[in-house]
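A.B. asks: Right, I'll just put the structure down here and ask away after.
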Amino acid sequence: MKQHRFLSSSALVALAVVSGFAAQAAPPWRHGAPESTVNVSTYPPDIQHAFRVFAGKCSECHALFLSLNVSRSEAGWKQEVRRMEDMASSHIDDRDAGTIAKFLAYYDTHKPGEQNGAGNAEGMSTGRDLFDKLTCSACHSIAGAGNNSFPLDGIGSRRTASELKQQIMSPVAGSAMPATAASQAEIDSLVLYLGGLKNR
Amino acid sequence: MGYICQTKKSSAQAAFDIRRHCLRAKRVRSVDRAWIEKDQVMRFRSHLGIFLGAAVWLLLTAAPRYALAAPQYARRYHLKCYACHTIAPVLNEQGYMFQRLGHHLPASLEPNSQVERIIDLVRKEPEWSLTNNAAMAVSDFSFSAQRSTTQGQAPSSTSAIQVGAWNAYFGGWIPNTQFFYYSEFDIVTNGQTNPNMPNAHIGYVGGNAKSSWYVTVGREHLQVTEGTRAAEIYSLLPTAPLIFENKGPTNFVLDQSPVAAEAGYTWSSSKYKDIFGVNLKVTNGDHADGSEILTSNSTKNSKDVWLDADWWYAPESGISFVTYQGQKNQIQYTGLANQFNYYGRIRRDGAFANYMIGRNKVDLLTGYLHGNDDWEDPVTGAPARYLSNGYFAEIDYYIQRGFALAGRYDRLRQDVTSGVHPANLEQWQTGVEKAFTSEGNIIGRVGVGNFHGIDPVAFTATATRTYEADIQFNF
């Protein structure tokens with residue numbers, strides 16, 4: 001009997017640990033990240049079709065979010081999709097790849113400002129929105145939008161995620177850049193977005 | 001003597017559990033059964049409570065925010081389980097590479113572009129945190145029902161609900177270095193609280209994404225997920241192939257976990273069209289359980305060498321060759337009048353292959369393993385050999401992502417040369433597996449299996465039909 005009580009209590013402890021992990025571990029943008037928040041009803045039929053291919057193939061290994069949250073040129077998307085196609089266990093073929101790149105390139109230039117990437121239930125803004133909301137754009141620009149003194153285009157190729165995080169949370173002392181008041185979750189989301197801004 | 005050791009429970013962590021169960025408990029089936037019957041009511045109540053508690057907790061927390069949980073590697077890169085598994089814990093090619101690159105994601109290998117060095121992969125890692133280095137797997141809230149017939153005994157039926165395994169994993173990389181580590185801490189194993197740490201090793205990985213090597217030292221089991229798909233001890237079905245399970249009187253997967261040193265080399269062609277891997281592992285277990293060769297009350301030392309060569313020759317299809325030699329030194333009946341020493345050697349050689357048809361649609365798997373061990377007749381003490389030839393054939397049909405049907409047939413022919421004649425064991429199993437989250441980290445499984453055969457030493461026939469259902473949570 002003792003054994004069983006021990007089992008139950010250890011199980012409860014484990015549960016608590018697990019819940020702790022789970023709560024801490026889930027980046028907020030992931031909660032309920034819907035696989036298809038993109039409203040494509042106003043897009044041309046071939047793009048709607050391309051979206052379905054994209055939604056099917058590109059949700060295999062990660063949420064669509066990861067793709068919708070970053071911006072690339074058309075050539076950039078071709079390259080990114082080829083990279084995904086060439087992963088060891090990918091099931092994407094050349095035809096799908098062309099279709100998907102077409103959708104992503106189209107989507108990039110037709111993203112509704114509000115719903116840039118996927119918003120979610122908790123109303124978390126996405127990286128691009130945060131860039132404006134947290135007034136990063138007062139000093140930095142991305143793709144020409146914002147203050148052009150310190151463009152951040154291609155920052156994802158120059159800085160790792162942890163460097164970005166470091167910069168945002170505690171900018172070099174004496175620098176013109178202020179430390180942000182953003183929440184941890186917002187910073188994560190911002191880092192993810194900035195990390196996605198690769199050189200073309 | 002001559003137990004047939006089959007796990008009575010399904011388990012997603014099959015490999016470890018099976019091994020531990022067989023090696024440590026090493027019960028004859030009927031004993032096992034008596035134990036279940038005696039304890040059943042109590043166990044049922046206590047586990048039902050946990051089960052319901054967990055279900056409620058899950059509904060309250062996990063379900064509405066379905067994506068809250070994923071083990072550390074997935075967490076680290078915001079990936080789903082499918083990035084590295086067909087269905088967890090069965091690894092795909094990417095998962096295999098991830099493991100061999102010291103737990104770093106393989107870089108893309110475009111034909112004419114520069115190959116990234118391991119240190120470049122390390123630099124691309126996100127910031128180190130506890131949550132992307134630790135995980136919890138609670139497997140096996142299982143229900144199982146079994147009906148067995150053993151020659152000379154009345155048929156019996158049992159059923160049980162239990163929590164099979166609570167395991168914590170800690171694994172990742174040491175920031176800014178090419179060192180990595182992995183450990184597993186088991187709290188509950190086969191429904192029993194029995195804390196222990198079967199794995200704890202540290203490694204170093206060098207080279208680049210195309211051509212890399214690694215070394216590890218620490219506590220380690222043989223054959224955990226080494227090899228291409230068919231040689232992997234994990235499978236979609238509740239139990240591993242018979243040849244991996246310890247059906248024979250001398251056991252294949254001998255548990256010499258105390259200290260191991262391993263070295264491996266991996267080479268990939270561009271776009272990972274072909275991947276070659278070899279690894280060599282040497283283990284030394286001072287108190288490794290070698291008692292399966294003779295009886296208990298012995299001091300043991302076990303030295304083993306394992307060599308594995310893999311070739312992934314097409315997307316998700318591969319071939320593995322394995323050879324294993326073990327020296328099991330024992331001082332039997334320590335301190336008793338009839339004490340004697342026994343230096344048994346065991347050897348296994350095998351070939352495994354799988355072929356994936358379509359883009360992850362139908363996976364055909366097969367494996368063959370030959371055994372040739374020293375054997376001493378437990379009654380007369382006459383030296384003899386234990387020979388075995390085992391094979392399996394399996395079909396996995398992936399209906400859609402995270403949903404699969406699987407079926408396997410297993411046959412093991414065993415011959416103890418001092419015995420009367422060879423004896424066969426046969427097993428078939430079918431099952432359905434389904435993931436309940438889009439991440440693929442909560443997985444349910446239902447299976448039916450039939451095992452029958454003859455013990456090669458005692459020559460008693462056994463038949464068992466098993467129905468099981470289980471659910472596994474990975475956080």
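Chain lettering (A, B, ...) mirrors the order of the structure tokens, residue numbering begins at 1 for each chain separately, and ligand numbering begins at 1 in order of display.
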Would you list the contacts of stretch 416-420 of chain B as a VMD selection string, taking every protein, DNA or RNA residue within 6 Å and counting only C-alpha atoms, but skipping same-chain residues closer than 6 positions in sequence?
C.D. replies: chain B and resid 384 to 386
A.B. asks: For the selection just defined, write its residues with all heavy atoms to a file, as an mmCIF file, in the first residue's frame.
C.D. replies:
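Output (selection.cif):
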data_model
loop_
_atom_site.group_PDB
_atom_site.id
_atom_site.type_symbol
_atom_site.label_atom_id
_atom_site.label_comp_id
_atom_site.auth_asym_id
_atom_site.auth_seq_id
_atom_site.Cartn_x
_atom_site.Cartn_y
_atom_site.Cartn_z
ATOM 1 N N ALA B 384 27.437 -26.048 -24.071
ATOM 2 C CA ALA B 384 26.637 -26.179 -25.280
ATOM 3 C C ALA B 384 26.567 -24.804 -25.933
ATOM 4 O O ALA B 384 27.261 -23.885 -25.516
ATOM 5 C CB ALA B 384 25.237 -26.688 -24.923
ATOM 6 N N ARG B 385 25.741 -24.685 -26.955
ATOM 7 C CA ARG B 385 25.564 -23.382 -27.590
ATOM 8 C C ARG B 385 24.085 -23.057 -27.671
ATOM 9 O O ARG B 385 23.250 -23.944 -27.779
ATOM 10 C CB ARG B 385 26.167 -23.362 -28.991
ATOM 11 C CG ARG B 385 27.627 -23.743 -29.044
ATOM 12 C CD ARG B 385 28.318 -23.133 -30.226
ATOM 13 N NE ARG B 385 28.452 -21.681 -30.106
ATOM 14 C CZ ARG B 385 29.268 -21.061 -29.249
ATOM 15 N NH1 ARG B 385 29.998 -21.750 -28.416
ATOM 16 N NH2 ARG B 385 29.329 -19.751 -29.221
ATOM 17 N N TYR B 386 23.839 -21.770 -27.643
ATOM 18 C CA TYR B 386 22.475 -21.315 -27.903
ATOM 19 C C TYR B 386 22.510 -20.614 -29.254
ATOM 20 O O TYR B 386 23.241 -19.643 -29.439
ATOM 21 C CB TYR B 386 22.025 -20.347 -26.805
ATOM 22 C CG TYR B 386 20.823 -19.519 -27.197
ATOM 23 C CD1 TYR B 386 19.543 -20.059 -27.151
ATOM 24 C CD2 TYR B 386 20.971 -18.208 -27.637
ATOM 25 C CE1 TYR B 386 18.447 -19.316 -27.536
ATOM 26 C CE2 TYR B 386 19.875 -17.457 -28.016
ATOM 27 C CZ TYR B 386 18.616 -18.007 -27.972
ATOM 28 O OH TYR B 386 17.539 -17.266 -28.356
#
A.B. asks: What residues in stretch 236-356 of chain B get the DSSP label strand (DSSP E or B)? Please answer as number ranges by chain.
C.D. replies: B: 259-268, 275-285, 298-314, 317-332, 340-356
A.B. asks: Within 12 Å of stretch 95-99 of chain A, counting only C-alpha atoms, which residues qualify if same-chain residues fewer than 6 places away don't, as a ChimeraX atom specification?
C.D. replies: /A:46-58,74-75,77-86,105-106
A.B. asks: When you look at B:Asp415 with a cut-off of 10 Å (counting only C-alpha atoms), what residues show up, excluding the ones that are within fewer than 6 positions of it in the same chain? I need them as a PyMOL selection string.
C.D. replies: chain B and resi 248+371-372+385-389+421-424+455-457
A.B. asks: Write the selection just made, keeping N, CA and C atoms, as a PDB file, in the first residue's frame?
C.D. replies:
ATOM      1  N   GLY B 248      14.971 -14.934 -25.839  1.00  0.00           N
ATOM      2  CA  GLY B 248      15.848 -16.096 -25.709  1.00  0.00           C
ATOM      3  C   GLY B 248      16.326 -16.250 -24.291  1.00  0.00           C
ATOM      4  N   GLY B 371      21.926 -15.293 -33.601  1.00  0.00           N
ATOM      5  CA  GLY B 371      22.576 -15.330 -32.300  1.00  0.00           C
ATOM      6  C   GLY B 371      23.397 -16.598 -32.140  1.00  0.00           C
ATOM      7  N   ASN B 372      24.535 -16.450 -31.492  1.00  0.00           N
ATOM      8  CA  ASN B 372      25.395 -17.606 -31.267  1.00  0.00           C
ATOM      9  C   ASN B 372      26.094 -17.393 -29.921  1.00  0.00           C
ATOM     10  N   ARG B 385      25.741 -24.685 -26.955  1.00  0.00           N
ATOM     11  CA  ARG B 385      25.564 -23.382 -27.590  1.00  0.00           C
ATOM     12  C   ARG B 385      24.085 -23.057 -27.671  1.00  0.00           C
ATOM     13  N   TYR B 386      23.839 -21.770 -27.643  1.00  0.00           N
ATOM     14  CA  TYR B 386      22.475 -21.315 -27.903  1.00  0.00           C
ATOM     15  C   TYR B 386      22.510 -20.614 -29.254  1.00  0.00           C
ATOM     16  N   LEU B 387      21.765 -21.144 -30.208  1.00  0.00           N
ATOM     17  CA  LEU B 387      21.742 -20.560 -31.546  1.00  0.00           C
ATOM     18  C   LEU B 387      20.359 -20.020 -31.807  1.00  0.00           C
ATOM     19  N   SER B 388      20.289 -18.888 -32.453  1.00  0.00           N
ATOM     20  CA  SER B 388      18.957 -18.391 -32.778  1.00  0.00           C
ATOM     21  C   SER B 388      18.960 -17.684 -34.116  1.00  0.00           C
ATOM     22  N   ASN B 389      17.847 -17.757 -34.792  1.00  0.00           N
ATOM     23  CA  ASN B 389      17.634 -17.021 -36.026  1.00  0.00           C
ATOM     24  C   ASN B 389      16.270 -16.375 -35.921  1.00  0.00           C
ATOM     25  N   HIS B 421      15.449 -30.433 -29.310  1.00  0.00           N
ATOM     26  CA  HIS B 421      15.292 -29.978 -30.693  1.00  0.00           C
ATOM     27  C   HIS B 421      15.043 -28.475 -30.673  1.00  0.00           C
ATOM     28  N   PRO B 422      15.149 -27.818 -31.811  1.00  0.00           N
ATOM     29  CA  PRO B 422      14.900 -26.375 -31.833  1.00  0.00           C
ATOM     30  C   PRO B 422      13.440 -26.063 -31.507  1.00  0.00           C
ATOM     31  N   ALA B 423      13.203 -24.875 -31.049  1.00  0.00           N
ATOM     32  CA  ALA B 423      11.836 -24.470 -30.707  1.00  0.00           C
ATOM     33  C   ALA B 423      11.549 -23.113 -31.339  1.00  0.00           C
ATOM     34  N   ASN B 424      10.326 -22.900 -31.715  1.00  0.00           N
ATOM     35  CA  ASN B 424       9.948 -21.646 -32.373  1.00  0.00           C
ATOM     36  C   ASN B 424       9.069 -20.773 -31.497  1.00  0.00           C
ATOM     37  N   ASP B 455       9.205 -22.707 -25.236  1.00  0.00           N
ATOM     38  CA  ASP B 455      10.427 -22.340 -24.545  1.00  0.00           C
ATOM     39  C   ASP B 455      11.535 -23.314 -24.952  1.00  0.00           C
ATOM     40  N   PRO B 456      12.694 -22.794 -25.372  1.00  0.00           N
ATOM     41  CA  PRO B 456      13.727 -23.670 -25.918  1.00  0.00           C
ATOM     42  C   PRO B 456      14.423 -24.537 -24.863  1.00  0.00           C
ATOM     43  N   VAL B 457      14.195 -24.239 -23.601  1.00  0.00           N
ATOM     44  CA  VAL B 457      14.861 -25.036 -22.567  1.00  0.00           C
ATOM     45  C   VAL B 457      13.865 -25.969 -21.895  1.00  0.00           C
TER      46      VAL B 457
END
